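Participant: Input structure: model04.cif, which contains mmCIF, C-alpha atoms.
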```cif
data_protein
#
loop_
_atom_site.group_PDB
_atom_site.id
_atom_site.type_symbol
_atom_site.label_atom_id
_atom_site.label_comp_id
_atom_site.auth_asym_id
_atom_site.auth_seq_id
_atom_site.Cartn_x
_atom_site.Cartn_y
_atom_site.Cartn_z
ATOM 1 C CA MET A 298 -77.244 269.173 106.926
ATOM 2 C CA LYS A 299 -76.099 272.704 107.383
ATOM 3 C CA ILE A 300 -76.804 275.868 105.441
ATOM 4 C CA VAL A 301 -75.462 279.360 105.550
ATOM 5 C CA LEU A 302 -78.278 281.621 104.444
ATOM 6 C CA GLN A 303 -77.553 285.170 103.328
ATOM 7 C CA ARG A 304 -80.124 287.803 102.516
ATOM 8 C CA VAL A 305 -79.088 289.349 99.191
ATOM 9 C CA ASP A 306 -80.109 292.047 96.742
ATOM 10 C CA GLN A 307 -78.576 289.895 94.008
ATOM 11 C CA ALA A 308 -76.253 286.916 93.644
ATOM 12 C CA SER A 309 -74.733 284.813 90.902
ATOM 13 C CA VAL A 310 -72.527 281.785 90.486
ATOM 14 C CA SER A 311 -70.229 281.093 87.564
ATOM 15 C CA VAL A 312 -68.141 278.188 86.319
ATOM 16 C CA ASP A 313 -65.308 278.821 83.846
ATOM 17 C CA SER A 314 -66.320 282.499 83.623
ATOM 18 C CA GLU A 315 -69.886 281.597 82.567
ATOM 19 C CA ILE A 316 -72.780 282.546 84.838
ATOM 20 C CA ILE A 317 -74.820 279.403 85.469
ATOM 21 C CA GLY A 318 -77.159 280.731 88.170
ATOM 22 C CA ARG A 319 -78.356 284.238 88.993
ATOM 23 C CA ILE A 320 -80.989 285.757 91.263
ATOM 24 C CA ASP A 321 -82.217 289.187 92.209
ATOM 25 C CA GLN A 322 -83.526 289.895 95.725
ATOM 26 C CA GLY A 323 -83.801 286.798 97.869
ATOM 27 C CA VAL A 324 -81.470 284.372 99.625
ATOM 28 C CA LEU A 325 -78.112 282.867 98.776
ATOM 29 C CA VAL A 326 -77.886 279.427 100.349
ATOM 30 C CA TYR A 327 -74.620 277.553 100.863
ATOM 31 C CA LEU A 328 -75.493 273.886 101.457
ATOM 32 C CA GLY A 329 -73.268 271.461 103.361
ATOM 33 C CA ILE A 330 -74.111 267.766 103.588
ATOM 34 C CA THR A 331 -72.834 265.354 106.199
ATOM 35 C CA HIS A 332 -73.031 261.564 106.546
ATOM 36 C CA GLY A 333 -76.554 260.180 106.666
ATOM 37 C CA ASP A 334 -78.422 263.369 105.767
ATOM 38 C CA GLY A 335 -81.811 262.437 104.366
ATOM 39 C CA GLU A 336 -85.481 263.347 104.101
ATOM 40 C CA GLU A 337 -85.904 264.538 107.683
ATOM 41 C CA GLN A 338 -82.944 266.900 107.519
ATOM 42 C CA MET A 339 -83.990 268.222 104.094
ATOM 43 C CA GLU A 340 -87.551 268.888 105.178
ATOM 44 C CA TYR A 341 -86.420 270.716 108.309
ATOM 45 C CA VAL A 342 -83.884 272.927 106.524
ATOM 46 C CA ILE A 343 -86.169 273.701 103.560
ATOM 47 C CA SER A 344 -89.120 274.578 105.786
ATOM 48 C CA LYS A 345 -86.963 276.741 108.019
ATOM 49 C CA MET A 346 -85.307 278.660 105.168
ATOM 50 C CA LEU A 347 -88.584 279.272 103.310
ATOM 51 C CA ASN A 348 -90.517 280.445 106.366
ATOM 52 C CA LEU A 349 -88.006 282.396 108.443
ATOM 53 C CA ARG A 350 -89.128 285.994 108.749
ATOM 54 C CA ILE A 351 -85.890 287.703 107.750
ATOM 55 C CA PHE A 352 -87.198 290.484 105.480
ATOM 56 C CA ASP A 353 -88.862 293.759 106.351
ATOM 57 C CA ASP A 354 -92.471 294.204 105.285
ATOM 58 C CA PRO A 355 -92.308 296.563 102.294
ATOM 59 C CA GLU A 356 -95.817 297.890 102.976
ATOM 60 C CA THR A 357 -95.675 298.524 106.718
ATOM 61 C CA GLY A 358 -91.901 298.790 107.188
ATOM 62 C CA LYS A 359 -92.125 296.335 110.078
ATOM 63 C CA SER A 360 -88.723 294.722 110.645
ATOM 64 C CA LEU A 361 -88.198 290.999 110.143
ATOM 65 C CA ASP A 362 -91.839 290.355 109.397
ATOM 66 C CA LYS A 363 -91.790 288.550 106.033
ATOM 67 C CA SER A 364 -90.207 285.398 104.651
ATOM 68 C CA VAL A 365 -88.715 284.698 101.231
ATOM 69 C CA LEU A 366 -91.918 282.774 100.567
ATOM 70 C CA ASP A 367 -94.205 285.635 101.688
ATOM 71 C CA LEU A 368 -92.479 288.090 99.362
ATOM 72 C CA GLU A 369 -92.058 285.596 96.494
ATOM 73 C CA LEU A 370 -88.331 286.269 96.252
ATOM 74 C CA GLU A 371 -85.591 284.141 94.680
ATOM 75 C CA ILE A 372 -83.165 281.467 95.917
ATOM 76 C CA LEU A 373 -79.663 280.522 94.793
ATOM 77 C CA VAL A 374 -78.350 277.202 96.185
ATOM 78 C CA VAL A 375 -74.612 276.477 96.076
ATOM 79 C CA SER A 376 -73.120 273.227 97.369
ATOM 80 C CA GLN A 377 -70.299 273.807 99.853
ATOM 81 C CA PHE A 378 -68.695 270.810 101.518
ATOM 82 C CA THR A 379 -66.353 273.128 103.429
ATOM 83 C CA LEU A 380 -69.200 273.869 105.860
ATOM 84 C CA TYR A 381 -68.208 270.551 107.408
ATOM 85 C CA GLY A 382 -64.523 271.406 107.540
ATOM 86 C CA ARG A 383 -62.854 270.902 110.918
ATOM 87 C CA VAL A 384 -60.040 273.144 112.064
ATOM 88 C CA ASP A 385 -59.612 271.923 115.629
ATOM 89 C CA GLN A 386 -56.303 270.164 114.926
ATOM 90 C CA GLY A 387 -53.325 271.363 112.963
ATOM 91 C CA ARG A 388 -53.322 274.053 110.320
ATOM 92 C CA ARG A 389 -55.054 272.280 107.460
ATOM 93 C CA PRO A 390 -58.832 271.744 107.497
ATOM 94 C CA ALA A 391 -60.107 268.172 107.659
ATOM 95 C CA PHE A 392 -63.277 267.307 105.762
ATOM 96 C CA THR A 393 -64.092 263.911 107.250
ATOM 97 C CA ASP A 394 -67.455 265.205 108.506
ATOM 98 C CA ALA A 395 -68.575 266.018 104.945
ATOM 99 C CA ALA A 396 -70.515 263.315 103.119
ATOM 100 C CA ALA A 397 -68.715 261.288 100.443
ATOM 101 C CA ILE A 398 -69.022 262.709 96.925
ATOM 102 C CA ASP A 399 -71.615 260.227 95.615
ATOM 103 C CA GLU A 400 -73.814 260.530 98.700
ATOM 104 C CA ALA A 401 -73.479 264.315 98.771
ATOM 105 C CA LYS A 402 -74.311 264.719 95.074
ATOM 106 C CA GLN A 403 -77.420 262.573 95.349
ATOM 107 C CA THR A 404 -78.543 264.443 98.478
ATOM 108 C CA TYR A 405 -77.803 267.850 96.911
ATOM 109 C CA GLU A 406 -79.842 267.021 93.816
ATOM 110 C CA LYS A 407 -82.721 265.716 95.919
ATOM 111 C CA PHE A 408 -82.560 268.842 98.120
ATOM 112 C CA VAL A 409 -82.890 271.117 95.091
ATOM 113 C CA GLU A 410 -85.732 269.004 93.703
ATOM 114 C CA LYS A 411 -87.599 269.084 97.050
ATOM 115 C CA LEU A 412 -87.042 272.839 97.361
ATOM 116 C CA LYS A 413 -88.482 273.464 93.889
ATOM 117 C CA THR A 414 -91.467 271.246 94.753
ATOM 118 C CA ALA A 415 -92.020 273.003 98.099
ATOM 119 C CA CYS A 416 -92.388 276.447 96.553
ATOM 120 C CA GLU A 417 -93.091 278.200 93.292
ATOM 121 C CA LEU A 418 -90.138 280.547 93.650
ATOM 122 C CA LYS A 419 -87.290 280.954 91.198
ATOM 123 C CA VAL A 420 -84.576 278.535 92.366
ATOM 124 C CA GLU A 421 -81.157 278.671 90.730
ATOM 125 C CA THR A 422 -78.125 276.511 91.526
ATOM 126 C CA GLY A 423 -74.416 276.210 91.196
ATOM 127 C CA GLU A 424 -72.763 273.093 89.789
ATOM 128 C CA PHE A 425 -71.982 270.271 92.193
ATOM 129 C CA GLN A 426 -68.251 269.599 92.636
ATOM 130 C CA ALA A 427 -67.237 272.386 90.247
ATOM 131 C CA TYR A 428 -64.859 275.211 91.055
ATOM 132 C CA MET A 429 -67.275 278.131 91.269
ATOM 133 C CA LYS A 430 -67.064 281.876 91.667
ATOM 134 C CA VAL A 431 -69.919 283.271 93.731
ATOM 135 C CA SER A 432 -70.778 286.963 93.662
ATOM 136 C CA SER A 433 -73.336 288.578 95.902
ATOM 137 C CA VAL A 434 -74.568 291.906 97.134
ATOM 138 C CA ASN A 435 -75.496 291.170 100.721
ATOM 139 C CA ASP A 436 -78.497 292.949 102.180
ATOM 140 C CA GLY A 437 -77.670 294.023 105.717
ATOM 141 C CA PRO A 438 -75.458 292.012 105.824
ATOM 142 C CA PHE A 439 -77.801 289.410 107.225
ATOM 143 C CA THR A 440 -76.425 285.877 107.573
ATOM 144 C CA LEU A 441 -77.762 282.876 109.490
ATOM 145 C CA VAL A 442 -76.535 279.316 109.975
ATOM 146 C CA ILE A 443 -79.206 276.620 110.031
ATOM 147 C CA ASP A 444 -78.069 273.195 111.190
ATOM 148 C CA SER A 445 -80.472 270.249 111.164
ATOM 149 C CA LEU A 446 -78.596 268.785 114.147
ATOM 150 C CA GLN A 447 -79.591 271.785 116.249
ATOM 151 C CA LYS A 448 -83.317 271.581 115.626
ATOM 152 C CA SER A 449 -85.506 271.574 118.687
ATOM 153 C CA GLU A 450 -88.034 268.827 119.214
#
```
Let me see whether you can do it: turn the structure in this file into structure tokens.

Facilitator:
Amino acid sequence: MKIVLQRVDQASVSVDSEIIGRIDQGVLVYLGITHGDGEEQMEYVISKMLNLRIFDDPETGKSLDKSVLDLELEILVVSQFTLYGRVDQGRRPAFTDAAAIDEAKQTYEKFVEKLKTACELKVETGEFQAYMKVSSVNDGPFTLVIDSLQKSE
């Protein structure tokens, strides 16, 4: 499981010109799912994204001192299988490392459910397997990649 996490002032996702998810200050999360991703990967990624200190403390001004959870901000999750695209051969990306559609959809839905259970924050989503337009106002910009395969023991 891999996410690209962006700190944003606002973000939205639309399908067929209709906004289906929108947040104010918080994080925009692009979620990629690979073969065999399950509970362990979800728990690691969710815990990491909720608790990373990536926001300044609004009271003290201290840099990178508060998490999305600490500040009770918002989260927008968008599925993105292209995070597992490979470009090491040829000129066209290969997506064999991305989970199959049925597996990915089930894992995506479970991820969102677990995220909503893990926190009381506003969590919005895109639409799995839809062609989406994502708009965001990045704060910083500040972007991190979190990969469950790179977690330390």

Participant: Expand the PyMOL selection byres ((chain A and resi 399-410) around 8) into the explicit residue set it covers here, and present it as a ChimeraX atom specification.

Facilitator: /A:328,330-332,334-335,339,374,376,396-398,411-414,425

Participant: Pick out the residues sitting within 10 Å of A:Gln447, and hand them over as a list in words; count all atoms listed in the file, and ignore anything fewer than 3 positions along from it in its own chain.

Facilitator: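 The residues that qualify are Met298, Lys299, Ile443, Asp444 and Glu450 of chain A.
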
Participant: Grab all the atoms of stretch 403-411 of chain A that the file lists, wrap them in a box along x, y and z, add 8 Å per side, and give me centre plus edge lengths in Å (one decimal) as JSON.

Facilitator:
```
{"center_x": -82.5, "center_y": 266.8, "center_z": 96.1, "size_x": 26.2, "size_y": 24.5, "size_z": 20.8}
```

Participant: Rounded to one decimal in Å, what is the spacing between atom CA of A:Leu347 and atom CA of A:Ser364?

Facilitator: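 Here the two named atoms are 6.5 Å from each other.
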
Participant: Which residue, A:Glu337, A:Asp436, A:Glu417, A:Glu315, has the smallest gap to A:Leu366 when you use only C-alpha atoms?

Facilitator: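 Ranking A:Glu337, A:Asp436, A:Glu417, A:Glu315 by distance to A:Leu366, first place goes to A:Glu417.
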